[in-house]
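*Asks:* What follows is the file structure_5.cif, containing mmCIF, C-alpha atoms:
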```cif
data_start
#
loop_
_atom_site.group_PDB
_atom_site.id
_atom_site.type_symbol
_atom_site.label_atom_id
_atom_site.label_comp_id
_atom_site.auth_asym_id
_atom_site.auth_seq_id
_atom_site.Cartn_x
_atom_site.Cartn_y
_atom_site.Cartn_z
ATOM 1 C CA MET T 268 80.414 -27.740 150.729
ATOM 2 C CA GLU T 269 83.856 -26.824 152.081
ATOM 3 C CA ILE T 270 85.016 -27.975 155.499
ATOM 4 C CA THR T 271 88.054 -26.468 157.209
ATOM 5 C CA GLU T 272 89.424 -27.443 160.604
ATOM 6 C CA GLU T 273 91.746 -25.919 163.161
ATOM 7 C CA THR T 274 92.722 -26.548 166.770
ATOM 8 C CA ARG T 275 91.957 -23.853 169.339
ATOM 9 C CA GLY T 276 93.222 -24.788 172.785
ATOM 10 C CA ASN T 277 91.464 -28.018 173.720
ATOM 11 C CA ALA T 278 88.846 -27.641 171.039
ATOM 12 C CA ARG T 279 88.667 -28.672 167.419
ATOM 13 C CA LEU T 280 86.969 -25.952 165.399
ATOM 14 C CA PHE T 281 85.108 -26.865 162.198
ATOM 15 C CA HIS T 282 84.162 -24.199 159.727
ATOM 16 C CA LEU T 283 81.451 -25.037 157.185
ATOM 17 C CA GLN T 284 80.828 -23.249 153.920
ATOM 18 C CA GLY T 285 78.074 -23.871 151.393
ATOM 19 C CA ARG T 286 75.246 -26.402 151.606
ATOM 20 C CA LEU T 287 74.864 -29.278 154.050
ATOM 21 C CA ASP T 288 72.412 -31.777 152.519
ATOM 22 C CA SER T 289 72.216 -35.527 151.861
ATOM 23 C CA ASN T 290 74.758 -35.063 149.094
ATOM 24 C CA THR T 291 77.399 -33.374 151.273
ATOM 25 C CA SER T 292 76.647 -34.633 154.807
ATOM 26 C CA PRO T 293 78.633 -37.924 154.517
ATOM 27 C CA ALA T 294 81.863 -35.886 154.106
ATOM 28 C CA LEU T 295 81.163 -33.933 157.298
ATOM 29 C CA GLU T 296 80.199 -37.085 159.179
ATOM 30 C CA GLU T 297 83.508 -38.659 158.204
ATOM 31 C CA ARG T 298 85.576 -35.607 159.244
ATOM 32 C CA LEU T 299 83.829 -35.347 162.619
ATOM 33 C CA ALA T 300 84.175 -39.074 163.285
ATOM 34 C CA GLN T 301 87.863 -38.838 162.399
ATOM 35 C CA ALA T 302 88.387 -36.008 164.906
ATOM 36 C CA VAL T 303 86.647 -37.956 167.682
ATOM 37 C CA SER T 304 88.634 -41.094 166.944
ATOM 38 C CA ASN T 305 91.806 -38.956 167.128
ATOM 39 C CA GLY T 306 90.871 -38.078 170.695
ATOM 40 C CA THR T 307 89.024 -34.776 170.255
ATOM 41 C CA ARG T 308 86.364 -34.347 172.932
ATOM 42 C CA SER T 309 85.453 -30.674 172.460
ATOM 43 C CA VAL T 310 84.066 -29.676 169.086
ATOM 44 C CA VAL T 311 82.877 -26.262 167.920
ATOM 45 C CA ILE T 312 81.125 -25.985 164.557
ATOM 46 C CA ASP T 313 81.057 -22.518 163.027
ATOM 47 C CA PHE T 314 78.022 -22.096 160.735
ATOM 48 C CA LYS T 315 78.759 -18.536 159.634
ATOM 49 C CA HIS T 316 79.179 -19.403 155.964
ATOM 50 C CA LEU T 317 76.703 -22.272 155.838
ATOM 51 C CA ASP T 318 73.801 -21.230 153.611
ATOM 52 C CA TYR T 319 71.612 -24.311 153.785
ATOM 53 C CA ILE T 320 70.940 -27.369 155.941
ATOM 54 C CA SER T 321 68.526 -30.291 155.491
ATOM 55 C CA SER T 322 67.515 -33.142 157.805
ATOM 56 C CA ALA T 323 70.518 -35.120 156.527
ATOM 57 C CA GLY T 324 72.785 -32.411 157.965
ATOM 58 C CA LEU T 325 70.804 -32.290 161.207
ATOM 59 C CA ARG T 326 71.272 -36.045 161.583
ATOM 60 C CA VAL T 327 75.062 -35.731 161.389
ATOM 61 C CA ILE T 328 75.022 -32.986 164.036
ATOM 62 C CA LEU T 329 72.793 -35.083 166.306
ATOM 63 C CA LYS T 330 74.891 -38.196 165.842
ATOM 64 C CA THR T 331 78.085 -36.296 166.700
ATOM 65 C CA ALA T 332 76.446 -34.710 169.757
ATOM 66 C CA LYS T 333 75.449 -38.166 171.012
ATOM 67 C CA ILE T 334 78.900 -39.661 170.481
ATOM 68 C CA LEU T 335 80.623 -36.740 172.250
ATOM 69 C CA LYS T 336 78.191 -36.877 175.137
ATOM 70 C CA ARG T 337 78.919 -40.569 175.610
ATOM 71 C CA GLU T 338 82.638 -39.735 175.754
ATOM 72 C CA ASN T 339 82.022 -36.900 178.254
ATOM 73 C CA GLY T 340 82.815 -34.428 175.497
ATOM 74 C CA LYS T 341 80.988 -31.395 174.216
ATOM 75 C CA LEU T 342 79.568 -30.080 170.954
ATOM 76 C CA LEU T 343 78.878 -26.369 170.535
ATOM 77 C CA LEU T 344 77.414 -24.633 167.500
ATOM 78 C CA CYS T 345 77.863 -20.982 166.654
ATOM 79 C CA CYS T 346 77.253 -18.115 164.225
ATOM 80 C CA MET T 347 74.185 -19.473 162.426
ATOM 81 C CA GLN T 348 72.495 -17.501 159.696
ATOM 82 C CA ASP T 349 68.827 -16.786 160.472
ATOM 83 C CA TYR T 350 67.506 -19.325 158.009
ATOM 84 C CA VAL T 351 69.730 -22.164 159.252
ATOM 85 C CA LYS T 352 68.812 -21.321 162.834
ATOM 86 C CA GLU T 353 65.140 -21.463 161.891
ATOM 87 C CA VAL T 354 65.610 -25.026 160.605
ATOM 88 C CA PHE T 355 67.234 -26.017 163.923
ATOM 89 C CA GLU T 356 64.301 -24.465 165.762
ATOM 90 C CA ILE T 357 61.634 -26.143 163.626
ATOM 91 C CA ALA T 358 63.385 -29.474 164.188
ATOM 92 C CA GLY T 359 63.458 -28.771 167.938
ATOM 93 C CA PHE T 360 67.236 -29.233 168.044
ATOM 94 C CA ASP T 361 67.774 -25.857 169.736
ATOM 95 C CA SER T 362 66.198 -27.330 172.874
ATOM 96 C CA PHE T 363 69.197 -29.602 173.542
ATOM 97 C CA LEU T 364 72.075 -28.186 171.489
ATOM 98 C CA PRO T 365 73.701 -24.910 172.555
ATOM 99 C CA ILE T 366 73.750 -22.369 169.710
ATOM 100 C CA LEU T 367 76.077 -19.461 170.481
ATOM 101 C CA ALA T 368 76.181 -16.077 168.792
ATOM 102 C CA SER T 369 79.949 -15.929 168.312
ATOM 103 C CA ARG T 370 82.920 -18.232 167.926
ATOM 104 C CA GLU T 371 84.625 -16.647 170.953
ATOM 105 C CA GLU T 372 81.578 -17.281 173.117
ATOM 106 C CA ALA T 373 81.549 -20.932 171.996
ATOM 107 C CA LEU T 374 85.265 -21.390 172.696
ATOM 108 C CA ARG T 375 84.869 -19.828 176.152
ATOM 109 C CA GLN T 376 82.297 -22.487 177.046
ATOM 110 C CA ILE T 377 84.577 -25.382 176.145
ATOM 111 C CA MET R 198 54.670 -8.541 137.187
ATOM 112 C CA LYS R 199 53.491 -11.438 135.019
ATOM 113 C CA ALA R 200 50.322 -13.158 136.182
ATOM 114 C CA GLU R 201 51.911 -16.585 136.327
ATOM 115 C CA VAL R 202 55.410 -17.951 135.904
ATOM 116 C CA ARG R 203 55.845 -21.652 135.198
ATOM 117 C CA LEU R 204 58.797 -24.011 135.277
ATOM 118 C CA ASP R 205 58.749 -27.775 134.621
ATOM 119 C CA PHE R 206 61.718 -30.074 135.012
ATOM 120 C CA GLU R 207 62.683 -33.682 135.751
ATOM 121 C CA LEU R 208 65.365 -35.123 138.013
ATOM 122 C CA LYS R 209 66.897 -38.589 137.928
ATOM 123 C CA ASN R 210 66.774 -40.757 141.061
ATOM 124 C CA ASP R 211 70.320 -39.788 141.995
ATOM 125 C CA ILE R 212 71.199 -37.821 145.133
ATOM 126 C CA ARG R 213 73.596 -35.618 143.143
ATOM 127 C CA GLU R 214 70.539 -34.159 141.412
ATOM 128 C CA LEU R 215 69.957 -32.057 144.562
ATOM 129 C CA ALA R 216 72.395 -29.528 143.100
ATOM 130 C CA VAL R 217 70.315 -29.408 139.896
ATOM 131 C CA LEU R 218 67.148 -28.939 141.973
ATOM 132 C CA SER R 219 68.552 -25.875 143.711
ATOM 133 C CA ARG R 220 69.717 -24.374 140.393
ATOM 134 C CA HIS R 221 66.198 -24.751 138.946
ATOM 135 C CA LEU R 222 64.723 -23.120 142.039
ATOM 136 C CA GLU R 223 67.141 -20.193 141.814
ATOM 137 C CA GLU R 224 66.061 -19.701 138.221
ATOM 138 C CA MET R 225 62.397 -19.791 139.250
ATOM 139 C CA ALA R 226 62.997 -17.322 142.107
ATOM 140 C CA CYS R 227 64.732 -14.976 139.724
ATOM 141 C CA ARG R 228 62.061 -15.178 137.002
ATOM 142 C CA ALA R 229 59.101 -14.897 139.370
ATOM 143 C CA GLY R 230 60.683 -12.448 141.838
ATOM 144 C CA ILE R 231 60.222 -14.815 144.769
ATOM 145 C CA PRO R 232 61.974 -13.692 148.001
ATOM 146 C CA GLY R 233 65.155 -15.567 148.918
ATOM 147 C CA ARG R 234 63.849 -16.787 152.267
ATOM 148 C CA THR R 235 60.684 -18.234 150.708
ATOM 149 C CA MET R 236 62.728 -20.032 148.079
ATOM 150 C CA LEU R 237 65.135 -21.480 150.678
ATOM 151 C CA GLU R 238 62.150 -22.918 152.541
ATOM 152 C CA VAL R 239 60.736 -24.366 149.313
ATOM 153 C CA ASN R 240 64.164 -25.783 148.461
ATOM 154 C CA LEU R 241 64.341 -27.542 151.832
ATOM 155 C CA ALA R 242 60.828 -29.005 151.495
ATOM 156 C CA LEU R 243 61.528 -30.296 147.960
ATOM 157 C CA ASP R 244 64.961 -31.587 149.027
ATOM 158 C CA GLU R 245 63.370 -33.671 151.824
ATOM 159 C CA LEU R 246 60.617 -35.033 149.579
ATOM 160 C CA PHE R 247 62.997 -35.820 146.713
ATOM 161 C CA THR R 248 65.476 -37.508 149.078
ATOM 162 C CA ASN R 249 62.614 -39.601 150.488
ATOM 163 C CA ILE R 250 61.392 -40.637 147.045
ATOM 164 C CA ILE R 251 64.786 -41.767 145.825
ATOM 165 C CA SER R 252 65.658 -43.460 149.141
ATOM 166 C CA TYR R 253 62.457 -45.498 149.507
ATOM 167 C CA GLY R 254 60.470 -45.200 146.277
ATOM 168 C CA PHE R 255 62.384 -47.599 144.075
ATOM 169 C CA PRO R 256 63.287 -50.789 145.945
ATOM 170 C CA GLN R 257 63.818 -52.529 142.580
ATOM 171 C CA GLY R 258 66.421 -49.940 141.575
ATOM 172 C CA GLY R 259 66.815 -48.804 137.981
ATOM 173 C CA GLU R 260 66.672 -45.307 136.576
ATOM 174 C CA HIS R 261 63.557 -43.252 137.251
ATOM 175 C CA ARG R 262 62.506 -39.682 136.632
ATOM 176 C CA ILE R 263 60.879 -37.455 139.226
ATOM 177 C CA ARG R 264 58.847 -34.689 137.677
ATOM 178 C CA PHE R 265 58.463 -31.189 139.159
ATOM 179 C CA ARG R 266 55.938 -28.630 137.927
ATOM 180 C CA LEU R 267 56.140 -25.189 139.504
ATOM 181 C CA SER R 268 53.779 -22.318 138.943
ATOM 182 C CA ALA R 269 54.014 -18.968 140.681
ATOM 183 C CA ALA R 270 50.978 -16.713 140.958
ATOM 184 C CA PRO R 271 51.544 -13.299 142.593
ATOM 185 C CA ASP R 272 50.898 -14.558 146.106
ATOM 186 C CA VAL R 273 51.260 -18.349 145.994
ATOM 187 C CA LEU R 274 53.700 -20.882 144.608
ATOM 188 C CA THR R 275 52.258 -24.269 143.626
ATOM 189 C CA ILE R 276 54.489 -27.297 143.159
ATOM 190 C CA VAL R 277 53.402 -30.690 141.843
ATOM 191 C CA ILE R 278 55.811 -33.595 142.328
ATOM 192 C CA GLU R 279 55.172 -36.821 140.414
ATOM 193 C CA ASP R 280 57.017 -40.119 140.598
ATOM 194 C CA ASP R 281 56.438 -43.730 139.552
ATOM 195 C CA GLY R 282 57.716 -45.206 142.813
ATOM 196 C CA VAL R 283 55.873 -47.400 145.316
ATOM 197 C CA PRO R 284 52.707 -45.776 146.728
ATOM 198 C CA PHE R 285 53.634 -43.367 149.498
ATOM 199 C CA ASP R 286 51.441 -40.710 151.088
ATOM 200 C CA PRO R 287 53.631 -38.176 152.927
ATOM 201 C CA VAL R 288 50.542 -36.293 154.136
ATOM 202 C CA ALA R 289 49.397 -39.319 156.143
ATOM 203 C CA CYS R 290 52.930 -39.967 157.367
ATOM 204 C CA ALA R 291 53.856 -36.452 158.457
ATOM 205 C CA SER R 292 53.543 -37.013 162.172
ATOM 206 C CA ALA R 293 53.088 -34.540 165.002
ATOM 207 C CA PRO R 294 56.268 -32.699 166.030
ATOM 208 C CA PRO R 295 58.408 -34.605 168.496
ATOM 209 C CA PRO R 296 58.223 -33.164 172.022
ATOM 210 C CA PRO R 297 61.380 -31.509 173.328
ATOM 211 C CA CYS R 298 63.377 -34.132 175.194
ATOM 212 C CA ALA R 299 66.831 -35.056 176.399
ATOM 213 C CA LEU R 300 69.567 -35.663 173.870
ATOM 214 C CA GLU R 301 69.838 -39.378 174.666
ATOM 215 C CA GLU R 302 66.191 -39.922 173.832
ATOM 216 C CA ARG R 303 66.144 -37.898 170.676
ATOM 217 C CA ARG R 304 65.353 -39.859 167.553
ATOM 218 C CA VAL R 305 65.370 -38.479 164.056
ATOM 219 C CA GLY R 306 62.859 -40.698 162.256
ATOM 220 C CA GLY R 307 60.348 -38.618 160.345
ATOM 221 C CA LEU R 308 62.360 -35.446 160.796
ATOM 222 C CA GLY R 309 62.404 -34.640 157.077
ATOM 223 C CA LEU R 310 58.624 -34.859 156.735
ATOM 224 C CA HIS R 311 58.171 -32.839 159.910
ATOM 225 C CA LEU R 312 60.228 -30.047 158.305
ATOM 226 C CA VAL R 313 58.182 -30.272 155.097
ATOM 227 C CA ARG R 314 54.930 -29.883 156.986
ATOM 228 C CA LYS R 315 56.217 -26.796 158.777
ATOM 229 C CA LEU R 316 57.617 -25.197 155.627
ATOM 230 C CA VAL R 317 54.654 -25.444 153.252
ATOM 231 C CA ASP R 318 51.132 -24.111 153.756
ATOM 232 C CA GLU R 319 49.247 -26.955 152.104
ATOM 233 C CA MET R 320 50.041 -30.473 151.000
ATOM 234 C CA THR R 321 47.712 -32.917 149.208
ATOM 235 C CA TYR R 322 48.433 -36.397 147.915
ATOM 236 C CA ARG R 323 46.787 -38.686 145.411
ATOM 237 C CA ARG R 324 47.738 -41.909 143.673
ATOM 238 C CA SER R 325 46.917 -41.402 139.997
ATOM 239 C CA THR R 326 45.069 -43.986 137.922
ATOM 240 C CA ALA R 327 48.298 -44.398 135.972
ATOM 241 C CA GLY R 328 49.914 -45.599 139.206
ATOM 242 C CA ARG R 329 51.954 -42.506 140.041
ATOM 243 C CA ASN R 330 52.395 -40.597 143.295
ATOM 244 C CA VAL R 331 51.157 -37.034 142.801
ATOM 245 C CA LEU R 332 51.925 -34.582 145.590
ATOM 246 C CA THR R 333 50.727 -30.981 145.395
ATOM 247 C CA LEU R 334 52.270 -28.324 147.636
ATOM 248 C CA ARG R 335 51.293 -24.709 148.121
ATOM 249 C CA LYS R 336 53.501 -22.037 149.637
ATOM 250 C CA ARG R 337 52.401 -18.453 150.228
ATOM 251 C CA ILE R 338 54.752 -15.871 148.764
ATOM 252 C CA ASP R 339 55.440 -13.013 151.143
ATOM 253 C CA ARG R 340 56.491 -10.110 148.927
ATOM 254 C CA GLN R 341 57.632 -8.092 151.948
ATOM 255 C CA ASP R 342 60.885 -10.061 151.988
ATOM 256 C CA PRO R 343 63.762 -8.979 149.744
ATOM 257 C CA PRO R 344 64.090 -10.904 146.449
ATOM 258 C CA ALA R 345 66.507 -13.794 146.092
ATOM 259 C CA PRO R 346 70.147 -12.794 145.606
ATOM 260 C CA ALA R 347 71.603 -13.497 142.169
ATOM 261 C CA ALA R 348 73.182 -16.936 141.897
ATOM 262 C CA GLY R 349 76.945 -16.709 142.325
#
```
Translate the structure of the given file into structure tokens.

*Replies:*
Amino acid sequence: MEITEETRGNARLFHLQGRLDSNTSPALEERLAQAVSNGTRSVVIDFKHLDYISSAGLRVILKTAKILKRENGKLLLCCMQDYVKEVFEIAGFDSFLPILASREEALRQI
Amino acid sequence: MKAEVRLDFELKNDIRELAVLSRHLEEMACRAGIPGRTMLEVNLALDELFTNIISYGFPQGGEHRIRFRLSAAPDVLTIVIEDDGVPFDPVACASAPPPPCALEERRVGGLGLHLVRKLVDEMTYRRSTAGRNVLTLRKRIDRQDPPAPAAG
């Protein structure tokens, strides 16, 4: 999996490409934790090029959401492929994590 | 279309083998003409089960082999997973889905098995007389979906 990052206004935007599973999720967890410890409180994760997610990936997303909430920050997810969105729905994560259709929409809500 | 397409393979108890698992499944999808969406769902179910086996199945450590036997009939894919780890029945452990609740209360225990239960149509477990876990999964193949894209 490839992770790229950029700053957009107050938000840190993460762009994921490839597969997020128990093999690749520790790298994402580390990058997100690094951003939070650097003071980032608004995080947008763009899933446009993510082809696959397992429960290991969901755990990293949940953990980050909890940490940001505790710090009065915000985590927004956007641009999910149908299959990845289905996994979020089956897991019930869509009930408490905002999933936006576009990156612009996500950045507007920060 | 051939009546049945089979593929057998083994993975080591190493998390990096997940990449090998998905390559085998792509091959199977290609040979048996299984739609991409169906195969992604199967991949996720097998990923969760494999990750569980290697995380909890071998407390003594050492190298072990997890065996996968796939057979695709025209309308159903059957997968048998066999390992020599400690007895574990995922059918008994796959709990009811967690109710929607606030973020602070959300726990993730059992999430992997919950996904597995939602993604396959049937799951049966037995402990063989040789002392192996034998899990059989069935997944309906919906031929209405487009076939899997070529691996790239």

*Asks:* Any idea what's packed within 10 Å of stretch 268-280 of chain T, counting all atoms listed in the file, ignoring anything in its chain fewer than 5 positions away? Could you give it as an NGL selection string?

*Replies:* :T and (285-288 or 290-292 or 294-295 or 298-299 or 302-303 or 307-313 or 316-319 or 341-344 or 370 or 373-374 or 377)

*Asks:* Evaluated on this file, the PyMOL selection byres ((chain T) within 12 of (chain R)) picks out some residues - which ones are they, written as a ChimeraX atom specification?

*Replies:* /T:268,285-293,318-337,342,348-351,353-365

*Asks:* Record the distance separating atom CA of T:Leu283 and atom CA of R:Leu208, expressed in Å with one decimal.

*Replies:*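 That distance, rounded to one decimal, is 27.0 Å.
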
*Asks:* Quick one, how far is atom CA of R:Gly254 from atom CA of R:Asp318?

*Replies:*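 Spanning atom CA of R:Gly254 to atom CA of R:Asp318 is a straight-line distance of 24.2 Å.
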
*Asks:* Report as AutoDock Vina command-line options the centre and the edge lengths, in Å to one decimal, of the axis-aligned box holding every listed atom of stretch 332-350 of chain T, padded by 6 Å on each side.

*Replies:*
```
--center_x 75.2 --center_y -28.7 --center_z 168.1 --size_x 27.3 --size_y 35.8 --size_z 32.2
```

*Asks:* List the residues selected by the PyMOL selection byres ((chain R and resi 289) around 12) in the file shown, writing them as a list in words.

*Replies:*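 Selection result, ordered by chain and number: Pro284, Phe285, Asp286, Pro287, Val288, Cys290, Ala291, Ser292, Ala293, Gly307, Leu310, His311, Arg314, Met320, Thr321, Tyr322, Arg323 and Leu332 of chain R.
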
*Asks:* Once you have the residues from the selection above, write them out as a tab-separated table (two decimals), keeping the file's coordinate frame, restricted to C-alpha atoms.

*Replies:*
```tsv
chain	number	residue	atom	x	y	z
R	284	PRO	CA	52.71	-45.78	146.73
R	285	PHE	CA	53.63	-43.37	149.50
R	286	ASP	CA	51.44	-40.71	151.09
R	287	PRO	CA	53.63	-38.18	152.93
R	288	VAL	CA	50.54	-36.29	154.14
R	290	CYS	CA	52.93	-39.97	157.37
R	291	ALA	CA	53.86	-36.45	158.46
R	292	SER	CA	53.54	-37.01	162.17
R	293	ALA	CA	53.09	-34.54	165.00
R	307	GLY	CA	60.35	-38.62	160.34
R	310	LEU	CA	58.62	-34.86	156.74
R	311	HIS	CA	58.17	-32.84	159.91
R	314	ARG	CA	54.93	-29.88	156.99
R	320	MET	CA	50.04	-30.47	151.00
R	321	THR	CA	47.71	-32.92	149.21
R	322	TYR	CA	48.43	-36.40	147.92
R	323	ARG	CA	46.79	-38.69	145.41
R	332	LEU	CA	51.92	-34.58	145.59
```

*Asks:* Excluding R:Asp280 and its own-chain neighbours fewer than 4 positions away, which residues fall within 10 Å of it when counting all atoms listed in the file? Please give them as a ChimeraX atom specification.

*Replies:* /R:207,210,247,250-251,254-255,261-265,284,324,328-332

*Asks:* Between atom CA of R:Met225 and atom CA of R:Asn249, what is the distance in Å, rounded to a tenth?

*Replies:*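 Computing the Euclidean distance for atom CA of R:Met225 and atom CA of R:Asn249 yields 22.8 Å.
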